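I have placed the structure first, in the form of structure tokens, so that the comments after it can refer back to it.
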Amino acid sequence: MTVFLIAEVKVTDDAWIPEYAARVHDIAAKHNGRYLSRSGSIETLEGEKTDETLIALIQFPTRDDAMGFVNCEEYAPFGKARQEGSVSHFRLIDDTDIAGTIPYLANP
């Protein structure tokens, strides 16, 4: 089942960003991940505006692939640098439809 890793990041020290941006997409690809977006262009259309400075969306074929990326030794120093230089939330969602009314999404 396809999953999506949503990274919501508020950068507090940008020293980690150049190397992270240059290297992490290749590490994700080793775990079958594909960036769909990595953007600082965030527009709040509804609700209270939050203070993230970038949001990334990475697609993985399976939860195991996503967890392999997040927990791999090669990613660990980049993850640590990101954690130390930001306030981050990593969220994982799958491609199901909780209401079960969208025909091209799986039912949970």
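Residue names in the structure tokens use chain letters A, B, ... in the order shown, residue numbers from 1 in each chain, and ligand numbers from 1 in the order shown.
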
Requested in this report: For His31 in chain A, list every protein, DNA or RNA residue within 12 Å, evaluated using only C-alpha atoms, and leave out those in the same chain fewer than 3 positions away; present the list as a ChimeraX atom specification.
Outcome: /A:24-28,34-35,58-72,74-75

Query - Å distance separating CA of Lys49 in chain A from CA of Gly85 in chain A, one decimal place - result: 21.4 Å

Query raised in the report: Which residues come within 7 Å of Thr53 in chain A, counting only C-alpha atoms, excluding same-chain residues fewer than 3 positions away, as a VMD selection string?
Result: chain A and resid 9 to 11 40

Requested in this report: Apply DSSP to the backbone of this structure and, from range 1-82 of chain A, keep only the residues in alpha helix (DSSP H); write these as JSON, numbers by chain.
Outcome: {"A": [17, 18, 19, 20, 21, 22, 23, 24, 25, 26, 27, 28, 29, 30, 63, 64, 65, 66, 67, 68, 69, 70, 71, 76, 77, 78, 79, 80, 81, 82]}

**Report entry** Residue list (strand (DSSP E), DSSP) for chain A, as a PyMOL selection string
**Finding:** chain A and resi 3-11+34-39+54-60+86-94

**Report entry** Shell around range 87-93 of chain A at 6 Å using only C-alpha atoms, local window under 3 positions removed, as an MDAnalysis selection string
**Finding:** chainID A and resid 3:10

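When the distance limit is 10 Å and only C-alpha atoms are what count, the residues near Phe78 in chain A, minus those fewer than 4 positions from it on the same chain, are Trp16, Ile17, Glu19, Tyr20, Ala21, Arg23, Val24, Glu73, Glu74, Arg82, Gln83 and Glu84 of chain A.
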
Query - Residues near Ser41 in chain A, cut-off 12 Å, only C-alpha atoms, skip fewer than 2 positions along chain, as a list in words - result: Ser37, Arg38, Ser39, Glu43, Thr44, Glu52, Thr53, Leu54, Ile55 and Ala56 of chain A

Selection from above, all heavy atoms, as a PDB file, in the first residue's frame, can you write it?
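Result written to selection_19.pdb:
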ATOM      1  N   SER A  37       7.154  16.840  -3.514  1.00  0.00           N
ATOM      2  CA  SER A  37       7.338  18.270  -3.300  1.00  0.00           C
ATOM      3  C   SER A  37       8.281  18.485  -2.127  1.00  0.00           C
ATOM      4  O   SER A  37       8.311  17.692  -1.188  1.00  0.00           O
ATOM      5  CB  SER A  37       5.994  18.949  -3.009  1.00  0.00           C
ATOM      6  OG  SER A  37       6.178  20.331  -2.791  1.00  0.00           O
ATOM      7  N   ARG A  38       9.042  19.558  -2.219  1.00  0.00           N
ATOM      8  CA  ARG A  38       9.869  20.029  -1.097  1.00  0.00           C
ATOM      9  C   ARG A  38       9.870  21.541  -1.231  1.00  0.00           C
ATOM     10  O   ARG A  38      10.676  22.121  -1.940  1.00  0.00           O
ATOM     11  CB  ARG A  38      11.277  19.441  -1.188  1.00  0.00           C
ATOM     12  CG  ARG A  38      12.182  19.853  -0.049  1.00  0.00           C
ATOM     13  CD  ARG A  38      13.506  19.134  -0.074  1.00  0.00           C
ATOM     14  NE  ARG A  38      14.271  19.415  -1.265  1.00  0.00           N
ATOM     15  CZ  ARG A  38      15.395  18.794  -1.597  1.00  0.00           C
ATOM     16  NH1 ARG A  38      15.868  17.836  -0.832  1.00  0.00           N
ATOM     17  NH2 ARG A  38      16.035  19.102  -2.698  1.00  0.00           N
ATOM     18  N   SER A  39       8.930  22.186  -0.554  1.00  0.00           N
ATOM     19  CA  SER A  39       8.645  23.581  -0.858  1.00  0.00           C
ATOM     20  C   SER A  39       8.558  24.457   0.380  1.00  0.00           C
ATOM     21  O   SER A  39       8.084  24.034   1.429  1.00  0.00           O
ATOM     22  CB  SER A  39       7.315  23.659  -1.620  1.00  0.00           C
ATOM     23  OG  SER A  39       6.987  24.993  -1.926  1.00  0.00           O
ATOM     24  N   GLU A  43       0.889  28.229   1.658  1.00  0.00           N
ATOM     25  CA  GLU A  43      -0.226  29.159   1.727  1.00  0.00           C
ATOM     26  C   GLU A  43      -1.353  28.520   2.535  1.00  0.00           C
ATOM     27  O   GLU A  43      -1.831  27.443   2.181  1.00  0.00           O
ATOM     28  CB  GLU A  43      -0.707  29.475   0.308  1.00  0.00           C
ATOM     29  CG  GLU A  43      -1.786  30.493   0.215  1.00  0.00           C
ATOM     30  CD  GLU A  43      -2.176  30.803  -1.223  1.00  0.00           C
ATOM     31  OE1 GLU A  43      -1.584  30.240  -2.163  1.00  0.00           O
ATOM     32  OE2 GLU A  43      -3.104  31.612  -1.388  1.00  0.00           O
ATOM     33  N   THR A  44      -1.748  29.164   3.612  1.00  0.00           N
ATOM     34  CA  THR A  44      -2.835  28.659   4.436  1.00  0.00           C
ATOM     35  C   THR A  44      -4.155  29.123   3.836  1.00  0.00           C
ATOM     36  O   THR A  44      -4.399  30.326   3.732  1.00  0.00           O
ATOM     37  CB  THR A  44      -2.700  29.145   5.884  1.00  0.00           C
ATOM     38  OG1 THR A  44      -1.455  28.676   6.399  1.00  0.00           O
ATOM     39  CG2 THR A  44      -3.839  28.637   6.757  1.00  0.00           C
ATOM     40  N   GLU A  52       5.465  26.650   9.952  1.00  0.00           N
ATOM     41  CA  GLU A  52       6.426  25.857   9.204  1.00  0.00           C
ATOM     42  C   GLU A  52       7.056  26.724   8.112  1.00  0.00           C
ATOM     43  O   GLU A  52       6.401  27.580   7.533  1.00  0.00           O
ATOM     44  CB  GLU A  52       5.773  24.639   8.530  1.00  0.00           C
ATOM     45  CG  GLU A  52       5.322  23.567   9.485  1.00  0.00           C
ATOM     46  CD  GLU A  52       3.898  23.769   9.967  1.00  0.00           C
ATOM     47  OE1 GLU A  52       3.234  24.728   9.524  1.00  0.00           O
ATOM     48  OE2 GLU A  52       3.453  22.989  10.811  1.00  0.00           O
ATOM     49  N   THR A  53       8.332  26.471   7.850  1.00  0.00           N
ATOM     50  CA  THR A  53       9.011  27.201   6.779  1.00  0.00           C
ATOM     51  C   THR A  53       9.191  26.333   5.546  1.00  0.00           C
ATOM     52  O   THR A  53       9.537  26.852   4.485  1.00  0.00           O
ATOM     53  CB  THR A  53      10.374  27.739   7.256  1.00  0.00           C
ATOM     54  OG1 THR A  53      11.105  26.684   7.885  1.00  0.00           O
ATOM     55  CG2 THR A  53      10.174  28.865   8.255  1.00  0.00           C
ATOM     56  N   LEU A  54       8.982  25.019   5.685  1.00  0.00           N
ATOM     57  CA  LEU A  54       8.983  24.152   4.520  1.00  0.00           C
ATOM     58  C   LEU A  54       8.204  22.885   4.815  1.00  0.00           C
ATOM     59  O   LEU A  54       8.078  22.463   5.964  1.00  0.00           O
ATOM     60  CB  LEU A  54      10.399  23.820   4.037  1.00  0.00           C
ATOM     61  CG  LEU A  54      11.305  22.952   4.898  1.00  0.00           C
ATOM     62  CD1 LEU A  54      11.178  21.491   4.509  1.00  0.00           C
ATOM     63  CD2 LEU A  54      12.737  23.401   4.720  1.00  0.00           C
ATOM     64  N   ILE A  55       7.645  22.339   3.762  1.00  0.00           N
ATOM     65  CA  ILE A  55       6.929  21.069   3.846  1.00  0.00           C
ATOM     66  C   ILE A  55       7.412  20.198   2.707  1.00  0.00           C
ATOM     67  O   ILE A  55       7.544  20.662   1.560  1.00  0.00           O
ATOM     68  CB  ILE A  55       5.396  21.255   3.766  1.00  0.00           C
ATOM     69  CG1 ILE A  55       4.905  22.072   4.971  1.00  0.00           C
ATOM     70  CG2 ILE A  55       4.693  19.902   3.717  1.00  0.00           C
ATOM     71  CD1 ILE A  55       3.422  22.396   4.946  1.00  0.00           C
ATOM     72  N   ALA A  56       7.722  18.948   3.024  1.00  0.00           N
ATOM     73  CA  ALA A  56       8.125  17.986   2.002  1.00  0.00           C
ATOM     74  C   ALA A  56       7.122  16.842   1.988  1.00  0.00           C
ATOM     75  O   ALA A  56       6.583  16.456   3.027  1.00  0.00           O
ATOM     76  CB  ALA A  56       9.528  17.448   2.284  1.00  0.00           C
TER      77      ALA A  56
END
